[in-house]
file final.tsv (TSV, N, CA and C atoms)
chain	number	residue	atom	x	y	z
A	397	MET	N	56.20	88.63	68.20
A	397	MET	CA	57.06	88.43	69.34
A	397	MET	C	56.67	89.27	70.55
A	398	PRO	N	56.07	90.48	70.40
A	398	PRO	CA	55.71	91.25	71.60
A	398	PRO	C	54.72	90.53	72.49
A	399	SER	N	53.85	89.70	71.94
A	399	SER	CA	52.88	88.99	72.77
A	399	SER	C	53.57	87.94	73.64
A	400	VAL	N	54.68	87.40	73.19
A	400	VAL	CA	55.43	86.43	73.99
A	400	VAL	C	56.01	87.12	75.22
A	401	ASN	N	56.52	88.33	75.04
A	401	ASN	CA	57.07	89.08	76.18
A	401	ASN	C	55.97	89.46	77.16
A	402	ALA	N	54.80	89.81	76.65
A	402	ALA	CA	53.68	90.16	77.52
A	402	ALA	C	53.23	88.94	78.31
A	403	ASN	N	53.16	87.79	77.65
A	403	ASN	CA	52.78	86.57	78.36
A	403	ASN	C	53.82	86.18	79.40
A	404	LEU	N	55.07	86.37	79.07
A	404	LEU	CA	56.14	86.04	80.02
A	404	LEU	C	56.06	86.94	81.25
A	405	ALA	N	55.83	88.24	81.01
A	405	ALA	CA	55.71	89.17	82.13
A	405	ALA	C	54.49	88.84	82.98
A	406	LEU	N	53.40	88.49	82.34
A	406	LEU	CA	52.18	88.15	83.06
A	406	LEU	C	52.37	86.90	83.90
A	407	THR	N	53.02	85.92	83.37
A	407	THR	CA	53.24	84.69	84.13
A	407	THR	C	54.20	84.90	85.30
A	408	GLN	N	55.09	85.88	85.19
A	408	GLN	CA	55.99	86.17	86.29
A	408	GLN	C	55.33	87.01	87.37
A	409	LEU	N	54.38	87.88	86.99
A	409	LEU	CA	53.70	88.73	87.96
A	409	LEU	C	52.50	88.06	88.61
A	410	LEU	N	51.94	87.06	87.97
A	410	LEU	CA	50.75	86.40	88.51
A	410	LEU	C	50.99	85.77	89.88
A	411	PRO	N	52.10	85.07	90.11
A	411	PRO	CA	52.33	84.52	91.46
A	411	PRO	C	52.46	85.60	92.53
A	412	LEU	N	52.98	86.77	92.16
A	412	LEU	CA	53.09	87.85	93.14
A	412	LEU	C	51.71	88.34	93.58
A	413	ALA	N	50.77	88.38	92.65
A	413	ALA	CA	49.42	88.82	92.98
A	413	ALA	C	48.71	87.80	93.85
A	414	GLU	N	49.01	86.53	93.67
A	414	GLU	CA	48.35	85.50	94.47
A	414	GLU	C	48.93	85.40	95.87
A	415	GLU	N	50.11	85.98	96.09
A	415	GLU	CA	50.70	85.95	97.42
A	415	GLU	C	50.00	86.90	98.37
A	416	LEU	N	49.22	87.84	97.84
A	416	LEU	CA	48.50	88.77	98.70
A	416	LEU	C	47.45	88.02	99.50
A	417	ASP	N	47.29	88.39	100.74
A	417	ASP	CA	46.31	87.76	101.60
A	417	ASP	C	44.92	88.27	101.23
A	418	LYS	N	44.03	87.36	100.86
A	418	LYS	CA	42.69	87.76	100.43
A	418	LYS	C	41.82	88.16	101.61
A	419	ASP	N	42.23	87.82	102.83
A	419	ASP	CA	41.47	88.20	104.02
A	419	ASP	C	41.97	89.52	104.62
A	420	LYS	N	42.97	90.10	104.03
A	420	LYS	CA	43.54	91.35	104.55
A	420	LYS	C	42.60	92.51	104.24
A	421	VAL	N	42.34	93.32	105.26
A	421	VAL	CA	41.44	94.45	105.10
A	421	VAL	C	42.27	95.71	104.90
A	422	THR	N	41.94	96.47	103.88
A	422	THR	CA	42.62	97.73	103.61
A	422	THR	C	41.58	98.85	103.64
A	423	PRO	N	41.99	100.08	103.93
A	423	PRO	CA	41.03	101.18	104.01
A	423	PRO	C	40.35	101.49	102.68
A	424	GLY	N	41.06	101.38	101.61
A	424	GLY	CA	40.46	101.60	100.30
A	424	GLY	C	40.05	103.04	100.07
A	425	VAL	N	39.22	103.21	99.07
A	425	VAL	CA	38.78	104.55	98.66
A	425	VAL	C	37.87	105.17	99.72
A	426	LEU	N	36.99	104.37	100.30
A	426	LEU	CA	36.08	104.90	101.32
A	426	LEU	C	36.85	105.42	102.53
A	427	GLY	N	37.88	104.69	102.95
A	427	GLY	CA	38.70	105.15	104.07
A	427	GLY	C	39.40	106.46	103.75
A	428	PHE	N	39.90	106.58	102.52
A	428	PHE	CA	40.55	107.82	102.13
A	428	PHE	C	39.56	108.98	102.11
A	429	LEU	N	38.36	108.74	101.59
A	429	LEU	CA	37.36	109.81	101.54
A	429	LEU	C	36.93	110.26	102.93
A	430	VAL	N	36.78	109.32	103.85
A	430	VAL	CA	36.42	109.68	105.23
A	430	VAL	C	37.55	110.48	105.87
A	431	PHE	N	38.78	110.03	105.67
A	431	PHE	CA	39.93	110.75	106.24
A	431	PHE	C	40.04	112.15	105.64
A	432	ALA	N	39.85	112.28	104.34
A	432	ALA	CA	39.91	113.58	103.69
A	432	ALA	C	38.80	114.49	104.20
A	433	ALA	N	37.59	113.96	104.40
A	433	ALA	CA	36.49	114.76	104.92
A	433	ALA	C	36.79	115.25	106.34
A	434	LEU	N	37.37	114.38	107.16
A	434	LEU	CA	37.74	114.79	108.52
A	434	LEU	C	38.82	115.87	108.49
A	435	ALA	N	39.80	115.72	107.62
A	435	ALA	CA	40.87	116.71	107.52
A	435	ALA	C	40.32	118.06	107.07
A	436	ILE	N	39.41	118.06	106.11
A	436	ILE	CA	38.81	119.32	105.63
A	436	ILE	C	37.97	119.93	106.74
A	437	GLY	N	37.23	119.10	107.49
A	437	GLY	CA	36.43	119.61	108.61
A	437	GLY	C	37.30	120.24	109.68
A	438	VAL	N	38.41	119.62	110.02
A	438	VAL	CA	39.33	120.18	111.02
A	438	VAL	C	39.92	121.49	110.51
A	439	TRP	N	40.22	121.55	109.23
A	439	TRP	CA	40.77	122.79	108.66
A	439	TRP	C	39.77	123.93	108.80
A	440	PHE	N	38.49	123.67	108.47
A	440	PHE	CA	37.46	124.71	108.62
A	440	PHE	C	37.26	125.10	110.07
A	441	LEU	N	37.30	124.13	111.00
A	441	LEU	CA	37.15	124.45	112.41
A	441	LEU	C	38.30	125.32	112.91
A	442	MET	N	39.53	125.02	112.49
A	442	MET	CA	40.67	125.84	112.91
A	442	MET	C	40.58	127.24	112.33
A	443	LYS	N	40.12	127.34	111.10
A	443	LYS	CA	39.96	128.65	110.49
A	443	LYS	C	38.91	129.47	111.25
A	444	SER	N	37.81	128.84	111.61
A	444	SER	CA	36.77	129.51	112.38
A	444	SER	C	37.28	129.91	113.77
A	445	MET	N	38.05	129.01	114.42
A	445	MET	CA	38.59	129.32	115.74
A	445	MET	C	39.52	130.52	115.68
A	446	ASN	N	40.37	130.57	114.66
A	446	ASN	CA	41.28	131.72	114.53
A	446	ASN	C	40.50	133.01	114.35
A	447	ARG	N	39.42	132.96	113.59
A	447	ARG	CA	38.59	134.14	113.37
A	447	ARG	C	37.94	134.58	114.69
A	448	HIS	N	37.43	133.62	115.46
A	448	HIS	CA	36.80	133.96	116.73
A	448	HIS	C	37.81	134.44	117.77
A	449	MET	N	38.99	133.84	117.79
A	449	MET	CA	40.01	134.28	118.74
A	449	MET	C	40.51	135.68	118.41
A	450	GLY	N	40.48	136.04	117.15
A	450	GLY	CA	40.87	137.39	116.75
A	450	GLY	C	39.89	138.44	117.24
A	451	ARG	N	38.65	138.04	117.47
A	451	ARG	CA	37.63	138.99	117.94
A	451	ARG	C	37.66	139.19	119.45
A	452	VAL	N	38.36	138.33	120.18
A	452	VAL	CA	38.41	138.42	121.64
A	452	VAL	C	39.22	139.64	122.04
A	453	ASP	N	38.64	140.44	122.91
A	453	ASP	CA	39.33	141.62	123.42
A	453	ASP	C	39.81	141.29	124.83
A	454	PHE	N	41.03	140.85	124.94
A	454	PHE	CA	41.57	140.40	126.22
A	454	PHE	C	42.63	141.38	126.69
A	455	GLU	N	42.48	141.81	127.92
A	455	GLU	CA	43.48	142.70	128.52
A	455	GLU	C	43.88	142.09	129.86
A	456	GLU	N	45.17	141.88	130.04
A	456	GLU	CA	45.65	141.30	131.28
A	456	GLU	C	45.45	142.26	132.43
A	457	GLU	N	45.30	141.69	133.64
A	457	GLU	CA	45.19	142.53	134.81
A	457	GLU	C	46.55	143.17	135.07
A	458	PRO	N	46.56	144.43	135.45
A	458	PRO	CA	47.83	145.08	135.71
A	458	PRO	C	48.55	144.47	136.92
A	459	GLU	N	49.86	144.51	136.89
A	459	GLU	CA	50.65	143.99	138.00
A	459	GLU	C	50.54	144.92	139.20
A	460	ASP	N	50.89	144.42	140.39
A	460	ASP	CA	50.82	145.23	141.61
A	460	ASP	C	51.76	146.43	141.50
A	461	GLY	N	51.31	147.57	141.98
A	461	GLY	CA	52.14	148.77	141.97
A	461	GLY	C	52.02	149.56	140.69
A	462	SER	N	51.21	149.13	139.77
A	462	SER	CA	51.05	149.89	138.54
A	462	SER	C	50.02	151.00	138.75
A	463	PRO	N	49.99	151.99	137.88
A	463	PRO	CA	49.05	153.09	138.06
A	463	PRO	C	47.58	152.66	138.07
A	464	ALA	N	47.23	151.60	137.38
A	464	ALA	CA	45.84	151.16	137.35
A	464	ALA	C	45.39	150.66	138.72
A	465	THR	N	46.27	149.98	139.48
A	465	THR	CA	45.88	149.51	140.81
A	465	THR	C	45.86	150.66	141.79
A	466	ALA	N	46.67	151.68	141.55
A	466	ALA	CA	46.68	152.84	142.43
A	466	ALA	C	45.36	153.60	142.33
A	467	LYS	N	44.74	153.59	141.18
A	467	LYS	CA	43.47	154.27	141.00
A	467	LYS	C	42.37	153.54	141.76
A	468	LYS	N	42.45	152.20	141.84
A	468	LYS	CA	41.42	151.43	142.52
A	468	LYS	C	41.57	151.48	144.03
A	469	ALA	N	42.76	151.70	144.56
A	469	ALA	CA	43.01	151.66	145.99
A	469	ALA	C	42.22	152.71	146.77
A	470	PRO	N	42.11	153.98	146.35
A	470	PRO	CA	41.34	154.95	147.14
A	470	PRO	C	39.85	154.60	147.21
A	471	ALA	N	39.33	153.84	146.29
A	471	ALA	CA	37.92	153.51	146.30
A	471	ALA	C	37.58	152.58	147.45
A	472	SER	N	38.53	151.75	147.89
A	472	SER	CA	38.25	150.85	149.00
A	472	SER	C	38.58	151.56	150.30
A	473	ALA	N	37.62	151.60	151.18
A	473	ALA	CA	37.82	152.32	152.45
A	473	ALA	C	38.68	151.48	153.37
A	474	GLY	N	39.68	152.07	153.96
A	474	GLY	CA	40.50	151.39	154.94
A	474	GLY	C	41.79	150.82	154.38
A	475	GLY	N	42.00	150.86	153.09
A	475	GLY	CA	43.23	150.38	152.49
A	475	GLY	C	43.42	148.90	152.67
A	476	PRO	N	44.64	148.47	153.06
A	476	PRO	CA	44.93	147.05	153.16
A	476	PRO	C	44.14	146.35	154.26
A	477	ALA	N	43.72	147.05	155.28
A	477	ALA	CA	42.99	146.44	156.39
A	477	ALA	C	41.50	146.32	156.08
A	478	ALA	N	41.07	146.78	154.92
A	478	ALA	CA	39.65	146.72	154.59
A	478	ALA	C	39.21	145.28	154.46
A	479	GLY	N	38.07	144.96	154.99
A	479	GLY	CA	37.53	143.61	154.91
A	479	GLY	C	37.98	142.73	156.05
A	480	THR	N	38.85	143.18	156.94
A	480	THR	CA	39.29	142.36	158.06
A	480	THR	C	38.42	142.60	159.29
A	481	GLY	N	37.60	143.63	159.29
A	481	GLY	CA	36.75	143.92	160.43
A	481	GLY	C	37.47	144.78	161.47
A	482	ARG	N	38.65	145.21	161.19
A	482	ARG	CA	39.41	146.03	162.13
A	482	ARG	C	39.56	147.43	161.60
A	483	GLY	N	39.68	148.34	162.45
A	483	GLY	CA	39.90	149.74	162.06
A	483	GLY	C	41.34	149.99	161.70
A	484	ALA	N	41.67	151.26	161.51
A	484	ALA	CA	43.03	151.63	161.13
A	484	ALA	C	44.02	151.37	162.26
A	485	ASP	N	43.57	151.44	163.55
A	485	ASP	CA	44.50	151.22	164.65
A	485	ASP	C	44.49	149.78	165.12
A	486	GLY	N	43.75	148.88	164.47
A	486	GLY	CA	43.83	147.45	164.78
A	486	GLY	C	42.76	146.99	165.73
A	487	ASP	N	41.92	147.85	166.34
A	487	ASP	CA	40.90	147.39	167.28
A	487	ASP	C	39.63	146.99	166.52
A	488	THR	N	38.78	146.20	167.14
A	488	THR	CA	37.54	145.76	166.51
A	488	THR	C	36.41	146.71	166.69
call {"tool": "encode", "arguments": {"input": "final.tsv", "output": "structure tokens"}}
result
Amino acid sequence: MPSVNANLALTQLLPLAEELDKDKVTPGVLGFLVFAALAIGVWFLMKSMNRHMGRVDFEEEPEDGSPATAKKAPASAGGPAAGTGRGADGDT
């Protein structure tokens, strides 16, 4: 009797399998492997980027009025008017 149940189940499932479109394209195993390879590649690239960004020694420029800018100010002759071509009293 178990073979009768198996045949009955097979005859009921067979029409469902034939309803699938034979012209339908699916990614399949190759699509999965390509996607997995890309995901692993992106993971390694992000890991490498994090390592390289950790090595960057970045220091922001100090804001105006901070002690670091005050140290640079005496080095430029003429103060704020330096580079304008005018002297301290405004004449050329």
call {"tool": "atom_distance", "arguments": {"input": "final.tsv", "atom1": "atom N of A:Met445", "atom2": "atom N of A:Ala432"}}
result
19.6 Å
call {"tool": "atom_distance", "arguments": {"input": "final.tsv", "atom1": "atom C of A:Ala435", "atom2": "atom N of A:Arg447"}}
result
16.3 Å
call {"tool": "atom_distance", "arguments": {"input": "final.tsv", "atom1": "atom C of A:Thr407", "atom2": "atom N of A:Val421"}}
result
24.7 Å
call {"tool": "decode", "arguments": {"input": "final.tsv", "residues": "stretch 430-442 of chain A", "atoms": "N, CA, C and O atoms", "output": "PDB file, in the first residue's frame"}}
result
ATOM      1  N   VAL A 430      28.950  33.760  -7.826  1.00  0.00           N
ATOM      2  CA  VAL A 430      29.450  35.079  -8.216  1.00  0.00           C
ATOM      3  C   VAL A 430      29.088  36.110  -7.156  1.00  0.00           C
ATOM      4  O   VAL A 430      29.918  36.938  -6.756  1.00  0.00           O
ATOM      5  N   PHE A 431      27.843  36.067  -6.687  1.00  0.00           N
ATOM      6  CA  PHE A 431      27.413  37.015  -5.652  1.00  0.00           C
ATOM      7  C   PHE A 431      28.211  36.814  -4.365  1.00  0.00           C
ATOM      8  O   PHE A 431      28.631  37.792  -3.725  1.00  0.00           O
ATOM      9  N   ALA A 432      28.443  35.573  -3.971  1.00  0.00           N
ATOM     10  CA  ALA A 432      29.218  35.287  -2.763  1.00  0.00           C
ATOM     11  C   ALA A 432      30.654  35.776  -2.927  1.00  0.00           C
ATOM     12  O   ALA A 432      31.236  36.340  -1.988  1.00  0.00           O
ATOM     13  N   ALA A 433      31.251  35.587  -4.111  1.00  0.00           N
ATOM     14  CA  ALA A 433      32.619  36.058  -4.346  1.00  0.00           C
ATOM     15  C   ALA A 433      32.693  37.579  -4.258  1.00  0.00           C
ATOM     16  O   ALA A 433      33.636  38.134  -3.682  1.00  0.00           O
ATOM     17  N   LEU A 434      31.697  38.265  -4.815  1.00  0.00           N
ATOM     18  CA  LEU A 434      31.667  39.729  -4.722  1.00  0.00           C
ATOM     19  C   LEU A 434      31.510  40.185  -3.271  1.00  0.00           C
ATOM     20  O   LEU A 434      32.160  41.145  -2.838  1.00  0.00           O
ATOM     21  N   ALA A 435      30.657  39.519  -2.515  1.00  0.00           N
ATOM     22  CA  ALA A 435      30.455  39.885  -1.113  1.00  0.00           C
ATOM     23  C   ALA A 435      31.734  39.679  -0.313  1.00  0.00           C
ATOM     24  O   ALA A 435      32.110  40.530   0.510  1.00  0.00           O
ATOM     25  N   ILE A 436      32.440  38.583  -0.551  1.00  0.00           N
ATOM     26  CA  ILE A 436      33.700  38.324   0.166  1.00  0.00           C
ATOM     27  C   ILE A 436      34.740  39.357  -0.247  1.00  0.00           C
ATOM     28  O   ILE A 436      35.492  39.869   0.599  1.00  0.00           O
ATOM     29  N   GLY A 437      34.791  39.708  -1.533  1.00  0.00           N
ATOM     30  CA  GLY A 437      35.728  40.736  -1.997  1.00  0.00           C
ATOM     31  C   GLY A 437      35.463  42.085  -1.355  1.00  0.00           C
ATOM     32  O   GLY A 437      36.395  42.782  -0.940  1.00  0.00           O
ATOM     33  N   VAL A 438      34.199  42.472  -1.252  1.00  0.00           N
ATOM     34  CA  VAL A 438      33.850  43.748  -0.609  1.00  0.00           C
ATOM     35  C   VAL A 438      34.218  43.710   0.868  1.00  0.00           C
ATOM     36  O   VAL A 438      34.718  44.700   1.420  1.00  0.00           O
ATOM     37  N   TRP A 439      34.025  42.570   1.506  1.00  0.00           N
ATOM     38  CA  TRP A 439      34.381  42.450   2.924  1.00  0.00           C
ATOM     39  C   TRP A 439      35.881  42.656   3.119  1.00  0.00           C
ATOM     40  O   TRP A 439      36.306  43.386   4.020  1.00  0.00           O
ATOM     41  N   PHE A 440      36.706  42.026   2.265  1.00  0.00           N
ATOM     42  CA  PHE A 440      38.160  42.208   2.365  1.00  0.00           C
ATOM     43  C   PHE A 440      38.565  43.643   2.061  1.00  0.00           C
ATOM     44  O   PHE A 440      39.459  44.201   2.714  1.00  0.00           O
ATOM     45  N   LEU A 441      37.921  44.286   1.079  1.00  0.00           N
ATOM     46  CA  LEU A 441      38.239  45.679   0.776  1.00  0.00           C
ATOM     47  C   LEU A 441      37.897  46.600   1.943  1.00  0.00           C
ATOM     48  O   LEU A 441      38.650  47.529   2.258  1.00  0.00           O
ATOM     49  N   MET A 442      36.761  46.374   2.597  1.00  0.00           N
ATOM     50  CA  MET A 442      36.391  47.208   3.741  1.00  0.00           C
ATOM     51  C   MET A 442      37.347  46.987   4.909  1.00  0.00           C
ATOM     52  O   MET A 442      37.706  47.930   5.608  1.00  0.00           O
TER      53      MET A 442
END
